[in-house]
Each structure stands twice: as structure tokens, then as C-alpha cells.
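First the structure, in the form of C-alpha cells, and then the observations on it.
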Amino acid sequence: MSDSRANTVKPEKVQTTYCGIHKVMPIQKSGFRTISSWTKGGIASLSIHFFCTVIVVMFFSTLLNKAYPSNENSLSVAVSPWIPWRIQSDDGSWGGIAIDTLRVITVCTKTDLELLDIKNAKRMRKEWGRRINAESAISPFWRKAEESSSSYTSPLFSTSDIILAKKGVFKNIQSSKDLHGEKVGVTVGYYYPEGFTEAFNAGKIQTSPSNSKNLLPKLLRGRLKAIIINENELQYLLSNNQYDFKYDIDNFEVIYRFETVLLHVRLHRDYQHLIPKFNAVIEQLNSSGIKERIQSKYSSSGKEKEPISLDECPFKPN
């Protein structure tokens with residue numbers, strides 16, 4: 001049989017694989033490839049393999065970055081106004097009981113701290129574990145949706161919400177059911193336990209949403225008969241003469257008190273290695289009385305007897 005048949009058979013096909021994608025390519029009839037075709041094919045093949053390598057490296061780099069944070073001692077903390085725990089000044093800087101305490105903790109543990117103004121709760125949830133890896137003054141009950149990705153320090157503070165109302169308007173309020181059909185002022189984006197949020201969502205109790213700055217004035221001016229407000233927030237607002245209109249606080253009374261909640265520093269699980277260090281400082285904050293001194297700055301007097309530097313650790317860390 002003549003060998004000339006090699007030049008007359010129909011083109012065959014071979015399969016090539018690029019990044020896991022199979023493609024059928026015809027073999028040239030001649031059985032030989034020119035230098036130009038080999039060069040073009042080689043360059044194309046190298047380019048494709050290089051592209052595949054870049055994709056694979058980027059993929060695994062992303063996985064590694066999620067599993068191992070780039071800076072294990074750097075926290076990006078989501079902050080939003082909540083007097084007196086988180087207070088934003090006119091110049092944009094942040095203070096408050098929770099923020100000042102967190103600054104002391106990070107200074108004593110040599111942890112870098114960045115505060116990110118995230119007012120929208122939906123945005124915070126979206127950025128959790130990405131741009132945001134910490135929060136201050138948080139109850140685990142408020143973050144059940146992120147329970148698996150969260151770690152918490154020992155409790156730092158305790159607080160409670162109350163329902164403040166015009167005196168004599170409501171009697172014997174024992175649960176949310178006793179306010180069905182009424183209208184209550186609330187803070188935008190807050191969750192209220194003990195059946196209140198469920199009653200709001202079901203329309204059984206009407207709400208008048210406000211930011212924390214405008215909530216109390218609605219009650220004091222007579223626009224609402226009752227509001228839900230944090231007890232520490234109320235004390236701060238009243239003691240620091242926040243309003244330029246006249247009112248008599250004796251005309252109002254607490255008609256309901258929510259259960260006390262414990263407030264913690266919340267960390268993303270990738271930063272849970274910081275929990276023991278933070279807890280050691282929290283223990284010293286409690287035993288040294290420094291935590292109480294920070295709170296006194298935002299108490300009735302509004303002034304610290306002995307200001308605490310937030311740029312250096314006030315005691316020797318364990």
C-alpha cells in the first residue's frame with residue numbers, strides 16, 4: 001500500500017482542553033505544519049495556559065484571604081449613633097462609652113482600630129466579614145442571623161430599654177398586648193424584643209419611626225404619647241440639656257421596662273484569636289475602676305474628674 005495515502009485522507013480531529021473546556025480542532029491535511037503555524041499555535045497555547053494559571057491563583061488567593069485575614073491585629077469597626085454608647089461629634093469624630101472603652105482595649109492589646117460609619121443595618125450585614133469585622137456595644141440576641149460568624153468578648157456593660165409616656169395616659173402595661181391599637185415612637189432600624197417588633201410588623205401597634213436625635217422631642221413636645229428609648233440614652237439627653245425648648249420631665253413616667261441586656265464587643269470569627277486578649281483587658285477595666293471613669297464622662301455631670309488618655313494603656317496588660 002502506497003504511503004501517499006497520508007496526503008489524501010480526510011482531516012481527522014483532536015480534542016484540546018483549555019481551563020477544563022474541551023474543544024475539537026481539525027488536523028491540517030498536509031500532515032505537516034509550517035514554522036509559522038507552530039509558532040502561532042505555541043503562542044496561543046502559552047497564552048491560554050497563562051490565563052488559566054492567573055484564574056486559578058486568583059481563586060485560591062481569595063479563599064486564603066477569607067480563611068486567613070491579611071492583618072490579624074487590625075479591626076474595622078462598624079459604628080452608628082447610639083447615645084451615650086456611640087456619639088459622633090460635629091467634626092465627624094467618634095466617642096461615647098462603648099467607643100472610648102474599645103479604644104482602651106485596642107491600645108492595650110496593640111490592635112489597630114478603624115471606625116467605619118455604617119448607618120444602614122442592611123449595609124452592615126452585607127459588609128460583615130469583608131470590610132467590617134467588629135462592632136461595639138452589641139447583644140448577641142441582636143445578631144442571631146450572623147451567629148455562626150460571630151465571636152463575643154466578656155460582657156462590658158448592661159442596659160435596658162424603657163417605654164416613656166405622658167403621665168396618667170397608660171395604666172398597668174404588662175406586655176405588648178396592652179398597647180395594641182396605640183401608637184409608639186421607635187428608633188429606625190432597631191429590633192425590640194418581648195413581642196414588640198412582632199406586634200409592630202403585624203400592625204397591632206402603630207409606630208412613628210425617628211432617628212435617636214428626634215425621638216425624645218416628639219414625646220416632650222406632645223406629638224406622641226409614648227416612645228421606646230434606651231434608659232442610658234434618656235439620662236444623657238436630659239442631663240446634658242440637649243434641647244432649647246421648655247419641658248417638665250416630671251410630666252412623664254416609665255410605663256414599661258424591657259429586660260436588661262448585656263453588651264459585648266463583637267468580632268468576626270476570623271478574629272476570635274483576639275478574644276482572650278480582649279477579655280484580659282476587660283477584667284482589668286473592671287477591677288481598676290477605669291470603666292466606671294469612662295462612664296462618668298457621659299453621666300449626669302458629663303465630665304471626668306480625671307480624664308483618661310485613650311492613646312496609651314492606663315495599666316500594665318497581663
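Scheme for the C-alpha cells: letters A, B, ... for chains in order shown; per-chain residue numbers from 1; ligand numbers from 1 in order shown.
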
Q. Mind checking DSSP for segment 55-266 of chain A and telling me the alpha helix (DSSP H) residues as a count of residues only?
A. 56

Q: Pick out the residues sitting within 10 Å of Phe196 of chain A, and hand them over as a ChimeraX atom specification; count only C-alpha atoms, and ignore anything fewer than 2 positions along from it in its own chain.
A: /A:175-177,179-180,191-194,198-202,204-205

Residues just named, written with N, CA and C atoms as a tab-separated table (two decimals), in the first residue's frame:
```
chain	number	residue	atom	x	y	z
A	175	SER	N	-47.33	43.98	78.98
A	175	SER	CA	-46.77	43.36	77.77
A	175	SER	C	-47.16	44.18	76.56
A	176	SER	N	-46.68	43.76	75.41
A	176	SER	CA	-47.00	44.46	74.17
A	176	SER	C	-48.50	44.45	73.88
A	177	LYS	N	-49.20	43.42	74.35
A	177	LYS	CA	-50.64	43.31	74.09
A	177	LYS	C	-51.42	44.47	74.70
A	179	LEU	N	-50.67	47.44	74.62
A	179	LEU	CA	-50.52	48.65	73.78
A	179	LEU	C	-51.11	48.45	72.39
A	180	HIS	N	-51.81	47.36	72.16
A	180	HIS	CA	-52.45	47.15	70.87
A	180	HIS	C	-53.42	48.29	70.58
A	191	TYR	N	-34.44	46.63	66.64
A	191	TYR	CA	-35.28	45.47	66.96
A	191	TYR	C	-35.66	45.54	68.43
A	192	TYR	N	-36.96	45.36	68.70
A	192	TYR	CA	-37.45	45.41	70.07
A	192	TYR	C	-37.99	44.03	70.45
A	193	PRO	N	-37.43	43.42	71.50
A	193	PRO	CA	-37.82	42.06	71.89
A	193	PRO	C	-39.16	42.02	72.63
A	194	GLU	N	-39.42	40.87	73.21
A	194	GLU	CA	-40.60	40.65	74.06
A	194	GLU	C	-41.91	40.88	73.32
A	198	GLU	N	-42.72	42.12	66.66
A	198	GLU	CA	-43.74	41.29	66.01
A	198	GLU	C	-45.08	42.03	65.98
A	199	ALA	N	-45.41	42.73	67.05
A	199	ALA	CA	-46.66	43.50	67.09
A	199	ALA	C	-46.61	44.68	66.12
A	200	PHE	N	-45.42	45.30	65.99
A	200	PHE	CA	-45.26	46.39	65.02
A	200	PHE	C	-45.48	45.88	63.60
A	201	ASN	N	-44.81	44.77	63.28
A	201	ASN	CA	-44.89	44.22	61.92
A	201	ASN	C	-46.30	43.77	61.56
A	202	ALA	N	-47.02	43.31	62.55
A	202	ALA	CA	-48.39	42.84	62.31
A	202	ALA	C	-49.40	43.98	62.30
A	204	LYS	N	-50.40	45.67	64.84
A	204	LYS	CA	-51.20	45.72	66.07
A	204	LYS	C	-50.85	46.95	66.91
A	205	ILE	N	-49.61	47.40	66.77
A	205	ILE	CA	-49.18	48.66	67.38
A	205	ILE	C	-48.60	49.53	66.28
```

Q.
Applying 9 Å and only C-alpha atoms, which residues near segment 263-269 of chain A remain after dropping the ones on its own chain fewer than 3 positions away? List them as a count of residues only.
A. 32

Q | Contact residues around Lys277 of chain A with only C-alpha atoms at 12 Å, ignoring same-chain residues under 6 positions, as a PyMOL selection string | A | chain A and resi 73+105-111+153-154+271+283-284+317-318

**Q.** segment 239-255 of chain A surroundings by only C-alpha atoms, 6 Å radius, close-in-sequence under 5 positions cut, as a PyMOL selection string
**A.** chain A and resi 163-167+300
